[in-house]
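**Student:** File target.cif follows (mmCIF, C-alpha atoms and all ligand atoms):
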```cif
data_my_file
loop_
_atom_site.label_atom_id
_atom_site.label_comp_id
_atom_site.auth_asym_id
_atom_site.auth_seq_id
_atom_site.Cartn_x
_atom_site.Cartn_y
_atom_site.Cartn_z
CA MET A 897 5.62 -32.82 -34.07
CA PRO A 898 7.96 -30.02 -35.05
CA VAL A 899 8.29 -27.71 -32.04
CA GLY A 900 7.00 -24.17 -32.37
CA THR A 901 7.77 -22.97 -28.85
CA HIS A 902 6.64 -19.40 -29.44
CA GLY A 903 3.99 -20.38 -32.00
CA VAL A 904 6.62 -20.65 -34.74
CA VAL A 905 8.95 -23.48 -35.74
CA ARG A 906 12.00 -21.29 -35.49
CA GLY A 907 13.05 -20.00 -38.90
CA ILE A 908 10.45 -22.03 -40.80
CA SER A 909 7.01 -20.87 -41.92
CA MET A 910 3.96 -23.00 -41.21
CA ASP A 911 3.54 -23.44 -44.99
CA GLU A 912 7.02 -24.92 -45.13
CA VAL A 913 6.26 -27.24 -42.20
CA ALA A 914 3.14 -28.45 -44.02
CA ALA A 915 5.05 -28.83 -47.32
CA ALA A 916 7.64 -30.93 -45.48
CA GLY A 917 4.82 -33.32 -44.51
CA GLY A 918 4.34 -32.01 -40.97
CA GLN A 919 0.92 -33.02 -39.67
CA MET A 920 0.92 -31.63 -36.13
CA VAL A 921 2.93 -28.96 -34.34
CA LEU A 922 3.63 -28.15 -30.71
CA ALA A 923 3.56 -24.77 -29.01
CA ASN A 924 4.51 -23.90 -25.46
CA ALA A 925 2.01 -22.53 -22.95
CA TYR A 926 4.66 -20.99 -20.67
CA HIS A 927 6.20 -18.85 -23.39
CA LEU A 928 2.88 -17.84 -24.96
CA TYR A 929 1.38 -17.07 -21.54
CA LEU A 930 4.23 -14.64 -20.84
CA ARG A 931 4.34 -13.24 -24.38
CA PRO A 932 2.01 -12.20 -26.01
CA GLY A 933 -0.32 -13.58 -23.27
CA ASP A 934 -2.90 -16.36 -23.54
CA MET A 935 -5.81 -13.88 -23.51
CA MET A 936 -4.16 -11.93 -26.30
CA VAL A 937 -3.73 -15.10 -28.40
CA ARG A 938 -7.40 -15.91 -27.80
CA ALA A 939 -8.48 -12.37 -28.70
CA LEU A 940 -6.45 -12.68 -31.91
CA GLY A 941 -8.44 -15.76 -32.86
CA GLY A 942 -6.67 -18.60 -31.01
CA LEU A 943 -3.40 -20.35 -31.85
CA HIS A 944 -4.47 -21.77 -35.22
CA ALA A 945 -5.63 -18.43 -36.59
CA PHE A 946 -2.77 -16.53 -34.94
CA THR A 947 -0.02 -18.79 -36.36
CA ARG A 948 -1.81 -19.74 -39.61
CA TRP A 949 -1.41 -23.45 -38.86
CA ASN A 950 -4.47 -25.35 -40.03
CA GLY A 951 -3.60 -28.80 -38.73
CA PRO A 952 -3.68 -30.34 -35.27
CA MET A 953 -1.73 -28.54 -32.59
CA LEU A 954 -0.63 -29.41 -29.06
CA THR A 955 0.38 -27.15 -26.20
CA ASP A 956 2.87 -28.29 -23.60
CA SER A 957 1.73 -27.04 -20.17
CA GLY A 958 4.95 -25.13 -19.67
CA GLY A 959 5.74 -27.18 -16.57
CA PHE A 960 9.09 -28.20 -18.04
CA GLN A 961 10.11 -24.56 -18.53
CA VAL A 962 8.88 -23.53 -15.07
CA PHE A 963 10.68 -26.38 -13.32
CA SER A 964 13.83 -25.57 -15.31
CA LEU A 965 13.91 -22.15 -13.62
CA SER A 966 15.48 -23.89 -10.63
CA LYS A 967 16.53 -20.73 -8.81
CA LEU A 968 13.44 -18.75 -9.73
CA ARG A 969 10.65 -21.04 -8.58
CA THR A 970 9.01 -22.51 -5.45
CA VAL A 971 6.94 -25.68 -5.59
CA SER A 972 4.08 -26.49 -3.22
CA GLU A 973 1.02 -28.73 -3.31
CA ASP A 974 -0.94 -25.80 -4.68
CA GLY A 975 1.37 -25.26 -7.67
CA VAL A 976 4.54 -23.48 -8.68
CA GLU A 977 5.41 -19.86 -8.10
CA PHE A 978 8.03 -18.54 -10.48
CA GLN A 979 9.65 -15.45 -11.83
CA SER A 980 9.38 -14.61 -15.50
CA HIS A 981 12.67 -15.07 -17.40
CA ILE A 982 11.67 -11.95 -19.37
CA ASP A 983 11.08 -9.29 -16.70
CA GLY A 984 11.41 -11.03 -13.31
CA SER A 985 7.69 -10.60 -12.50
CA THR A 986 6.12 -13.20 -10.19
CA HIS A 987 3.56 -15.69 -11.51
CA GLN A 988 1.61 -18.59 -10.07
CA TYR A 989 1.16 -21.79 -12.06
CA THR A 990 -1.50 -24.12 -10.65
CA PRO A 991 -3.24 -27.05 -12.34
CA GLU A 992 -6.29 -24.81 -12.65
CA SER A 993 -4.50 -21.76 -14.06
CA VAL A 994 -2.66 -23.94 -16.59
CA MET A 995 -6.00 -25.30 -17.82
CA ARG A 996 -7.31 -21.75 -18.23
CA ILE A 997 -4.17 -20.73 -20.12
CA GLU A 998 -4.29 -23.73 -22.45
CA ARG A 999 -8.03 -23.25 -22.97
CA ASN A 1000 -7.36 -19.67 -24.02
CA LEU A 1001 -4.57 -20.70 -26.38
CA GLY A 1002 -6.98 -23.16 -27.99
CA ALA A 1003 -4.73 -25.96 -29.28
CA ASP A 1004 -6.39 -29.30 -30.08
CA VAL A 1005 -4.45 -31.18 -27.43
CA MET A 1006 -3.47 -29.72 -24.08
CA MET A 1007 -1.19 -31.22 -21.47
CA GLN A 1008 -1.74 -31.50 -17.73
CA LEU A 1009 0.56 -29.69 -15.28
CA ASP A 1010 2.87 -32.28 -13.73
CA GLU A 1011 5.74 -32.11 -11.26
CA LEU A 1012 9.10 -32.65 -12.84
CA ILE A 1013 12.22 -33.86 -11.09
CA GLN A 1014 15.85 -34.33 -12.06
CA GLY A 1015 16.77 -37.35 -14.16
CA ARG A 1016 18.26 -40.18 -12.04
CA SER A 1017 16.21 -39.09 -8.99
CA ASP A 1018 15.90 -41.62 -6.18
CA ILE A 1019 12.71 -43.58 -5.71
CA SER A 1020 11.25 -41.48 -2.89
CA ALA A 1021 11.62 -38.19 -4.81
CA ALA A 1022 10.24 -39.87 -7.94
CA ARG A 1023 7.31 -41.32 -5.97
CA SER A 1024 6.25 -38.05 -4.39
CA ALA A 1025 6.43 -36.20 -7.74
CA MET A 1026 4.47 -38.98 -9.47
CA GLU A 1027 1.78 -38.95 -6.77
CA ARG A 1028 1.53 -35.17 -6.84
CA SER A 1029 1.25 -35.28 -10.63
CA LEU A 1030 -1.75 -37.63 -10.25
CA ARG A 1031 -3.38 -35.24 -7.75
CA TRP A 1032 -2.70 -32.34 -10.13
CA LEU A 1033 -4.23 -34.37 -12.97
CA GLN A 1034 -7.48 -34.62 -10.98
CA ARG A 1035 -7.49 -30.86 -10.43
CA CYS A 1036 -6.73 -30.27 -14.13
CA LYS A 1037 -9.64 -32.49 -15.12
CA VAL A 1038 -12.08 -30.77 -12.76
CA GLU A 1039 -11.11 -27.34 -14.10
CA PHE A 1040 -11.09 -28.58 -17.70
CA ASP A 1041 -14.64 -29.95 -17.26
CA ARG A 1042 -15.78 -26.78 -15.48
CA ILE A 1043 -14.59 -24.58 -18.36
CA SER A 1044 -16.23 -26.93 -20.86
CA HIS A 1045 -19.58 -26.44 -19.07
CA GLU A 1046 -19.37 -22.83 -17.93
CA GLY A 1047 -17.29 -21.33 -20.73
CA ARG A 1048 -14.18 -19.23 -20.48
CA ALA A 1049 -13.64 -15.99 -18.58
CA PRO A 1050 -14.37 -12.84 -20.61
CA ILE A 1051 -11.55 -11.34 -22.69
CA PRO A 1052 -10.18 -8.10 -21.23
CA ASP A 1053 -10.41 -4.94 -23.30
CA PHE A 1054 -7.42 -4.57 -25.57
CA THR A 1055 -6.85 -1.34 -27.45
CA VAL A 1056 -7.34 -1.80 -31.17
CA PRO A 1057 -5.96 0.75 -33.66
CA ALA A 1058 -8.59 2.89 -35.34
CA ASP A 1059 -9.93 1.24 -38.53
CA ALA A 1060 -8.43 -2.18 -37.61
CA PRO A 1061 -10.86 -5.12 -37.38
CA ALA A 1062 -12.21 -5.89 -33.90
CA LEU A 1063 -10.65 -8.67 -31.84
CA ALA A 1064 -12.44 -11.98 -31.27
CA CYS A 1065 -15.56 -11.82 -29.15
CA ASP A 1066 -16.71 -15.42 -29.53
CA ASP A 1067 -16.64 -16.96 -26.08
CA ALA A 1068 -17.44 -20.53 -27.08
CA ALA A 1069 -14.57 -22.72 -25.88
CA PRO A 1070 -13.09 -24.78 -28.73
CA GLU A 1071 -13.17 -28.56 -28.54
CA GLN A 1072 -9.92 -29.70 -26.95
CA ALA A 1073 -8.47 -32.92 -25.53
CA LEU A 1074 -6.54 -33.16 -22.27
CA PHE A 1075 -3.64 -35.64 -22.12
CA PRO A 1076 -2.38 -37.03 -18.80
CA ILE A 1077 1.36 -37.61 -18.31
CA VAL A 1078 2.84 -40.87 -16.99
CA GLN A 1079 5.62 -40.07 -14.50
CA GLY A 1080 7.75 -42.19 -12.16
CA GLY A 1081 11.34 -41.57 -13.19
CA THR A 1082 13.26 -44.73 -14.02
CA HIS A 1083 11.35 -46.90 -11.53
CA ALA A 1084 9.09 -49.53 -13.09
CA THR A 1085 6.84 -49.84 -10.02
CA LEU A 1086 6.20 -46.09 -10.04
CA ARG A 1087 5.52 -46.01 -13.79
CA LYS A 1088 2.96 -48.80 -13.29
CA ALA A 1089 1.33 -46.99 -10.37
CA SER A 1090 1.19 -43.79 -12.43
CA MET A 1091 -0.54 -45.56 -15.32
CA THR A 1092 -3.00 -47.25 -12.95
CA GLY A 1093 -3.91 -43.87 -11.44
CA ILE A 1094 -4.30 -42.29 -14.87
CA LEU A 1095 -6.33 -45.07 -16.46
CA GLU A 1096 -8.68 -45.33 -13.47
CA SER A 1097 -9.40 -41.61 -13.50
CA GLY A 1098 -10.65 -40.99 -17.00
CA ASP A 1099 -11.26 -42.04 -20.56
CA TRP A 1100 -8.36 -40.19 -22.16
CA ALA A 1101 -8.00 -39.30 -25.83
CA GLY A 1102 -4.26 -39.86 -25.58
CA VAL A 1103 -1.57 -40.51 -22.98
CA ALA A 1104 1.87 -38.93 -22.68
CA ILE A 1105 5.01 -40.35 -21.13
CA GLY A 1106 7.07 -37.66 -19.43
CA GLY A 1107 10.21 -37.38 -17.36
CA LEU A 1108 12.42 -39.31 -19.79
CA SER A 1109 15.37 -38.13 -21.84
CA VAL A 1110 16.39 -35.92 -18.90
CA GLY A 1111 19.80 -37.38 -18.11
CA GLU A 1112 19.07 -41.07 -17.55
CA THR A 1113 20.78 -43.70 -19.73
CA LYS A 1114 19.22 -44.74 -23.03
CA SER A 1115 18.74 -48.27 -21.71
CA ASP A 1116 16.75 -46.86 -18.76
CA THR A 1117 14.58 -44.86 -21.20
CA TYR A 1118 13.90 -47.96 -23.31
CA ALA A 1119 13.21 -50.06 -20.20
CA MET A 1120 10.56 -47.56 -19.05
CA LEU A 1121 8.92 -47.56 -22.49
CA GLU A 1122 8.80 -51.36 -22.33
CA VAL A 1123 7.04 -51.11 -18.95
CA CYS A 1124 4.44 -48.73 -20.41
CA ASP A 1125 3.85 -50.47 -23.76
CA PRO A 1126 1.70 -53.44 -22.60
CA ILE A 1127 -0.33 -51.33 -20.13
CA LEU A 1128 -1.27 -48.24 -22.14
CA PRO A 1129 -4.39 -48.50 -24.32
CA ARG A 1130 -3.63 -49.34 -27.95
CA ASN A 1131 -6.48 -47.32 -29.42
CA VAL A 1132 -5.25 -43.85 -28.40
CA PRO A 1133 -1.99 -42.11 -29.30
CA ARG A 1134 0.98 -42.41 -26.95
CA TYR A 1135 3.20 -39.36 -26.85
CA LEU A 1136 6.82 -39.53 -25.66
CA MET A 1137 7.64 -36.00 -24.53
CA GLY A 1138 10.86 -34.23 -25.46
CA VAL A 1139 12.29 -36.99 -27.68
CA GLY A 1140 14.26 -36.79 -29.88
CA PHE A 1141 16.91 -37.60 -32.35
CA PRO A 1142 16.30 -39.76 -35.45
CA ASP A 1143 17.41 -43.01 -33.80
CA ASP A 1144 15.38 -42.21 -30.65
CA LEU A 1145 12.27 -42.00 -32.81
CA VAL A 1146 12.88 -45.41 -34.36
CA GLU A 1147 13.61 -46.93 -30.92
CA GLY A 1148 10.44 -45.29 -29.57
CA VAL A 1149 8.21 -46.54 -32.38
CA GLN A 1150 9.61 -50.02 -31.77
CA ARG A 1151 8.27 -49.68 -28.21
CA GLY A 1152 4.80 -48.50 -29.16
CA ILE A 1153 5.16 -44.71 -29.29
CA ASP A 1154 3.15 -42.67 -31.81
CA LEU A 1155 3.99 -39.02 -31.13
CA PHE A 1156 7.26 -37.24 -30.42
CA ASP A 1157 8.46 -33.67 -30.09
CA CYS A 1158 11.91 -32.22 -29.83
CA VAL A 1159 13.66 -28.97 -30.65
CA ALA A 1160 16.71 -30.92 -31.89
CA PRO A 1161 16.04 -30.66 -35.65
CA THR A 1162 15.75 -26.86 -35.66
CA ARG A 1163 18.34 -26.20 -32.94
CA MET A 1164 20.92 -28.49 -34.52
CA GLY A 1165 20.15 -27.14 -37.97
CA ARG A 1166 20.88 -23.61 -36.77
CA ASP A 1167 24.17 -24.89 -35.34
CA GLY A 1168 25.18 -26.41 -38.68
CA THR A 1169 24.38 -30.04 -37.96
CA ALA A 1170 22.31 -31.98 -40.49
CA PHE A 1171 20.66 -35.36 -39.97
CA THR A 1172 21.46 -37.92 -42.67
CA PRO A 1173 20.75 -41.66 -43.02
CA ASP A 1174 24.43 -42.17 -42.08
CA GLY A 1175 24.32 -40.12 -38.89
CA LYS A 1176 24.91 -36.46 -38.15
CA MET A 1177 26.90 -34.25 -40.49
CA GLN A 1178 28.71 -30.99 -39.65
CA ILE A 1179 28.32 -28.75 -42.67
CA ARG A 1180 31.15 -26.41 -41.60
CA GLN A 1181 33.78 -29.10 -42.21
CA SER A 1182 36.35 -27.93 -44.73
CA SER A 1183 35.96 -31.13 -46.77
CA TYR A 1184 32.60 -29.79 -48.02
CA ARG A 1185 34.19 -26.68 -49.52
CA THR A 1186 34.19 -28.16 -53.03
CA ASP A 1187 31.40 -30.72 -52.55
CA ARG A 1188 28.69 -30.27 -55.22
CA ARG A 1189 26.43 -33.02 -53.79
CA PRO A 1190 23.22 -32.21 -51.89
CA LEU A 1191 23.21 -32.69 -48.10
CA VAL A 1192 21.39 -35.99 -48.56
CA GLU A 1193 21.18 -37.70 -51.93
CA GLY A 1194 17.52 -38.35 -52.78
CA CYS A 1195 16.06 -36.06 -50.06
CA ASP A 1196 13.24 -34.07 -51.64
CA CYS A 1197 13.33 -31.12 -49.21
CA PRO A 1198 13.91 -27.60 -50.64
CA CYS A 1199 17.43 -27.54 -49.16
CA CYS A 1200 18.54 -30.75 -50.86
CA THR A 1201 16.75 -30.19 -54.17
CA HIS A 1202 18.14 -26.66 -54.69
CA TYR A 1203 21.54 -26.35 -53.02
CA ASP A 1204 24.81 -28.21 -52.69
CA ARG A 1205 27.05 -28.78 -49.67
CA ALA A 1206 29.65 -26.28 -50.88
CA TYR A 1207 27.09 -23.46 -50.91
CA LEU A 1208 25.54 -24.51 -47.59
CA ARG A 1209 28.98 -24.59 -45.99
CA HIS A 1210 29.68 -21.16 -47.42
CA LEU A 1211 26.43 -19.82 -45.90
CA PHE A 1212 27.45 -21.12 -42.47
CA VAL A 1213 31.00 -19.86 -42.68
CA SER A 1214 29.60 -16.45 -43.72
CA GLU A 1215 27.00 -16.62 -40.94
CA GLU A 1216 24.14 -16.08 -43.36
CA MET A 1217 20.70 -16.79 -41.90
CA LEU A 1218 19.56 -18.71 -44.98
CA GLY A 1219 21.97 -21.53 -44.10
CA LYS A 1220 20.44 -21.95 -40.63
CA ARG A 1221 16.95 -21.93 -42.10
CA LEU A 1222 17.75 -24.47 -44.82
CA LEU A 1223 19.40 -26.93 -42.44
CA ALA A 1224 16.52 -26.61 -39.96
CA LEU A 1225 14.08 -27.25 -42.78
CA HIS A 1226 16.07 -30.28 -43.95
CA ASN A 1227 16.22 -31.71 -40.42
CA VAL A 1228 12.48 -31.29 -39.88
CA SER A 1229 11.82 -32.94 -43.28
CA PHE A 1230 14.25 -35.72 -42.43
CA LEU A 1231 12.52 -36.61 -39.14
CA ILE A 1232 9.11 -36.52 -40.79
CA GLY A 1233 10.53 -38.79 -43.50
CA VAL A 1234 11.79 -41.25 -40.88
CA MET A 1235 8.33 -41.39 -39.33
CA THR A 1236 6.70 -41.82 -42.75
CA SER A 1237 9.00 -44.76 -43.51
CA ALA A 1238 8.34 -46.27 -40.07
CA ARG A 1239 4.59 -46.01 -40.65
CA GLU A 1240 4.87 -47.68 -44.07
CA ALA A 1241 7.01 -50.46 -42.60
CA LEU A 1242 4.48 -51.03 -39.80
CA ARG A 1243 1.61 -51.21 -42.28
CA GLY A 1244 3.59 -53.54 -44.51
CA GLY A 1245 4.52 -55.79 -41.59
CA THR A 1246 8.24 -55.21 -42.15
CA PHE A 1247 9.02 -52.90 -39.23
CA ASP A 1248 11.56 -55.15 -37.49
CA SER A 1249 13.75 -55.62 -40.55
CA TRP A 1250 13.32 -51.98 -41.62
CA SER A 1251 14.23 -50.58 -38.19
CA GLY A 1252 17.19 -52.94 -37.76
CA ALA A 1253 18.67 -51.89 -41.09
CA TRP A 1254 17.87 -48.21 -40.52
CA LEU A 1255 19.52 -48.10 -37.08
CA ALA A 1256 22.58 -50.04 -38.24
CA ARG A 1257 23.17 -47.61 -41.09
CA TYR A 1258 22.51 -44.49 -38.96
CA ARG A 1259 24.77 -45.61 -36.12
CA GLY A 1260 27.42 -47.04 -38.43
CA GLY A 1261 27.82 -43.57 -39.92
CA GLU A 1262 28.45 -41.76 -36.61
ZN ZN B 1 16.95 -32.45 -47.34
#
```
Spit out the file's structure as structure tokens when you get a sec.

**Tutor:**
Amino acid sequence: MPVGTHGVVRGISMDEVAAAGGQMVLANAYHLYLRPGDMMVRALGGLHAFTRWNGPMLTDSGGFQVFSLSKLRTVSEDGVEFQSHIDGSTHQYTPESVMRIERNLGADVMMQLDELIQGRSDISAARSAMERSLRWLQRCKVEFDRISHEGRAPIPDFTVPADAPALACDDAAPEQALFPIVQGGTHATLRKASMTGILESGDWAGVAIGGLSVGETKSDTYAMLEVCDPILPRNVPRYLMGVGFPDDLVEGVQRGIDLFDCVAPTRMGRDGTAFTPDGKMQIRQSSYRTDRRPLVEGCDCPCCTHYDRAYLRHLFVSEEMLGKRLLALHNVSFLIGVMTSAREALRGGTFDSWSGAWLARYRGGE
């Protein structure tokens, strides 16, 4: 899922995401709650209408952003109190309020609020956060079910310019799925306990694995995925949150993961780094000054079919915004292409040989 934190995959239009083969995008509840506001998004027709994305969409609860505000937040059993990074105003995030926010935003998949801890946390800190996340999941589910039965709170009155169409007044809550999040740090016993708690408490349409790729070693990440793989149901999607780079995706698929999200393709593209089958490439390097080849030979994205490395390097050296956009678009297309190839290899029964060769080439080039 390309990440559209603010309801936009930075620098890329939703049409371009779809043309690149994107099937599902992610938006962030924390950012949209603060600006323009979840009620405003709902009044403007909900996230799909607001952003003009017609496919499936997922909202992250915003827990990751709130917990990242380490000096600006206080955590209790009730929830998290934090100060807005925009204007310093105080806000309360509880499992219930997060459900109301995500219900207003209206994405197809919404995430529970969970408690996040530092990577490499010791077992007692990881256990208490995992257990609290399970208690918060119960509260999320109760509120989610309540809204499904009772409907959403009324939309406040927003001023509409004279002659402009009225805002939405349909109060029917859209059909949405709630995903629980497996926590437990890098401790296998805690991951198992988290999954037991989750699977006993509901019939979920999908399950996420959180709290990885936050500073632990890659082998710890893979070990935790291998703990989850045999336990999680095989008939619903498994979503590995906040991952990742091209090789992380292949390693994740190998361990049973279906869905990923990461800002890396757009962020790295803006910084002048392109993903290629031979590893990462820095377009600013002077060796590309006279290079008439595309970024990646055979890539059918608009960047690679229209422009050469010499021009792309020139755009970056001149700090032109088109360069950032084109590299972001290429990186998003590249990751979607990796997932398409992985899917074909799985269907063809050749995943092991495909992934081995793919990883060897990608890592050999770095
Ligand atoms: Zn390309």

**Student:** Counting only C-alpha atoms, select every polymer residue within 10 Å of (19.0, -45.6, -41.2) as defined in the file's coordinates, and provide the selection as a list in words.

**Tutor:**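 Selection result: Pro1142, Asp1143, Val1146, Thr1172, Pro1173, Asp1174, Gly1175, Val1234, Trp1250, Ser1251, Gly1252, Ala1253, Trp1254, Leu1255, Ala1256, Arg1257, Tyr1258, Arg1259, Gly1260 and Gly1261 of chain A.
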
**Student:** Produce as a PyMOL selection string the set of residues near ligand ZN 1 (chain B), where near means within 6 Å with all atoms listed in the file considered.

**Tutor:** chain A and resi 1192+1195-1197+1199-1200+1226

**Student:** List the spatial neighbours of Arg1028 in chain A as a PyMOL selection string - criterion: any atom at most 12 Å away, all atoms listed in the file, same-chain residues fewer than 2 positions off excluded.

**Tutor:** chain A and resi 971-975+991+1008-1013+1021-1026+1030-1035+1077-1080+1090+1093

**Student:** If you take every atom of range 993-1012 of chain A that the file lists and fit an axis-aligned box around them with 5 Å extra on each side, what centre and edge lengths come out in Å to one decimal, as AutoDock Vina command-line options?

**Tutor:**
```
--center_x 0.5 --center_y -26.2 --center_z -20.7 --size_x 27.1 --size_y 23.0 --size_z 28.8
```

**Student:** May I ask for the distance between CA of Leu1231 in chain A and CA of Leu1191 in chain A, given in Å to one decimal place?

**Tutor:**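 Spanning CA of Leu1231 in chain A to CA of Leu1191 in chain A is a straight-line distance of 14.5 Å.
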
**Student:** CA of Ser1115 in chain A to CA of Gly1102 in chain A: how many Å, to one decimal?

**Tutor:** 24.8 Å

**Student:** Kindly assemble as CSV a list of the range 944-985 of chain A residues that lie within 9 Å of range 909-917 of chain A, each paired with its nearest atom pair and their distance in Å to one decimal, using only C-alpha atoms, sorted first by chain and then by ascending residue number.

**Tutor:**
```
residue,atom,partner,partner_atom,distance
A:Thr947,CA,A:Met910,CA,7.6
A:Arg948,CA,A:Met910,CA,6.8
A:Trp949,CA,A:Met910,CA,5.9
A:Asn950,CA,A:Met910,CA,8.8
A:Gly951,CA,A:Ala914,CA,8.6
```

**Student:** Would you mind listing what lies within 10 Å of Leu1108 in chain A as a ChimeraX atom specification, with all atoms listed in the file counted and same-chain residues fewer than 5 positions away left out?

**Tutor:** /A:1014-1016,1079-1082,1113-1114,1116-1118,1120-1121,1136-1139

**Student:** Quick one: distance from CA of Ile997 in chain A to CA of Ser985 in chain A in Å, one decimal?

**Tutor:** 17.4 Å

**Student:** Quick one: residues within 9 Å of (22.4, -20.7, -38.0) (file frame), counting all atoms listed in the file, please, as a PyMOL selection string.

**Tutor:** chain A and resi 1163-1168+1211-1212+1215-1221+1223-1224

**Student:** Could you name the residues that touch range 955-970 of chain A at 7 Å or less, counting all atoms listed in the file, but leaving out those on the same chain fewer than 6 positions away, as JSON, numbers by chain?

**Tutor:** {"A": [922, 923, 924, 925, 926, 976, 977, 978, 979, 994, 998, 1003, 1005, 1006, 1007, 1008, 1009, 1010, 1012]}

**Student:** Identify, on the basis of only C-alpha atoms, every residue whose closest approach to range 1125-1130 of chain A does not exceed 12 Å; exclude the query and any residue fewer than 5 positions from it along the same chain; express the result as a CSV table (one decimal) with C-alpha atoms, keeping the file's coordinate frame.

**Tutor:**
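Listing of result39.csv after writing:
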```
chain,number,residue,atom,x,y,z
A,1076,PRO,CA,-2.4,-37.0,-18.8
A,1077,ILE,CA,1.4,-37.6,-18.3
A,1078,VAL,CA,2.8,-40.9,-17.0
A,1084,ALA,CA,9.1,-49.5,-13.1
A,1087,ARG,CA,5.5,-46.0,-13.8
A,1088,LYS,CA,3.0,-48.8,-13.3
A,1089,ALA,CA,1.3,-47.0,-10.4
A,1090,SER,CA,1.2,-43.8,-12.4
A,1091,MET,CA,-0.5,-45.6,-15.3
A,1092,THR,CA,-3.0,-47.2,-13.0
A,1093,GLY,CA,-3.9,-43.9,-11.4
A,1094,ILE,CA,-4.3,-42.3,-14.9
A,1095,LEU,CA,-6.3,-45.1,-16.5
A,1096,GLU,CA,-8.7,-45.3,-13.5
A,1099,ASP,CA,-11.3,-42.0,-20.6
A,1100,TRP,CA,-8.4,-40.2,-22.2
A,1101,ALA,CA,-8.0,-39.3,-25.8
A,1102,GLY,CA,-4.3,-39.9,-25.6
A,1103,VAL,CA,-1.6,-40.5,-23.0
A,1104,ALA,CA,1.9,-38.9,-22.7
A,1105,ILE,CA,5.0,-40.4,-21.1
A,1118,TYR,CA,13.9,-48.0,-23.3
A,1119,ALA,CA,13.2,-50.1,-20.2
A,1120,MET,CA,10.6,-47.6,-19.0
A,1135,TYR,CA,3.2,-39.4,-26.8
A,1136,LEU,CA,6.8,-39.5,-25.7
A,1148,GLY,CA,10.4,-45.3,-29.6
A,1149,VAL,CA,8.2,-46.5,-32.4
A,1150,GLN,CA,9.6,-50.0,-31.8
A,1151,ARG,CA,8.3,-49.7,-28.2
A,1152,GLY,CA,4.8,-48.5,-29.2
A,1153,ILE,CA,5.2,-44.7,-29.3
A,1154,ASP,CA,3.2,-42.7,-31.8
```

**Student:** Given the choices A:Leu1222, A:Glu1112, A:Arg938, A:Tyr1184, which gets closest to Ala1206 in chain A if the distance is worked out from only C-alpha atoms?

**Tutor:**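 Nearest candidate to Ala1206 in chain A out of A:Leu1222, A:Glu1112, A:Arg938, A:Tyr1184: A:Tyr1184.
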
**Student:** Pick the closest to Arg931 in chain A from A:Ser980, A:Ser1097, A:Thr1085, A:Ser993: which is it, counting all atoms listed in the file?

**Tutor:**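 Looking only at the distances to Arg931 in chain A, the closest residue turns out to be A:Ser980.
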
**Student:** Determine the nearest neighbour of Ala1170 in chain A from the options A:Pro932, A:Pro1190, A:Gly941, A:Pro1057, counting only C-alpha atoms.

**Tutor:** A:Pro1190

**Student:** Using all atoms listed in the file, which residue out of A:Leu1074, A:Val1213, A:Leu928, A:Val905 lies closest to Gly1098 in chain A?

**Tutor:**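 Answer, going by the shortest atom-to-atom distance: A:Leu1074.
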
**Student:** Which residues, written as a ChimeraX atom specification, have at least one atom at most 12 Å from Arg1042 in chain A, with only C-alpha atoms counted and residues fewer than 5 positions away on the same chain left out?

**Tutor:** /A:992,995-996,999,1035-1037,1047-1049,1069
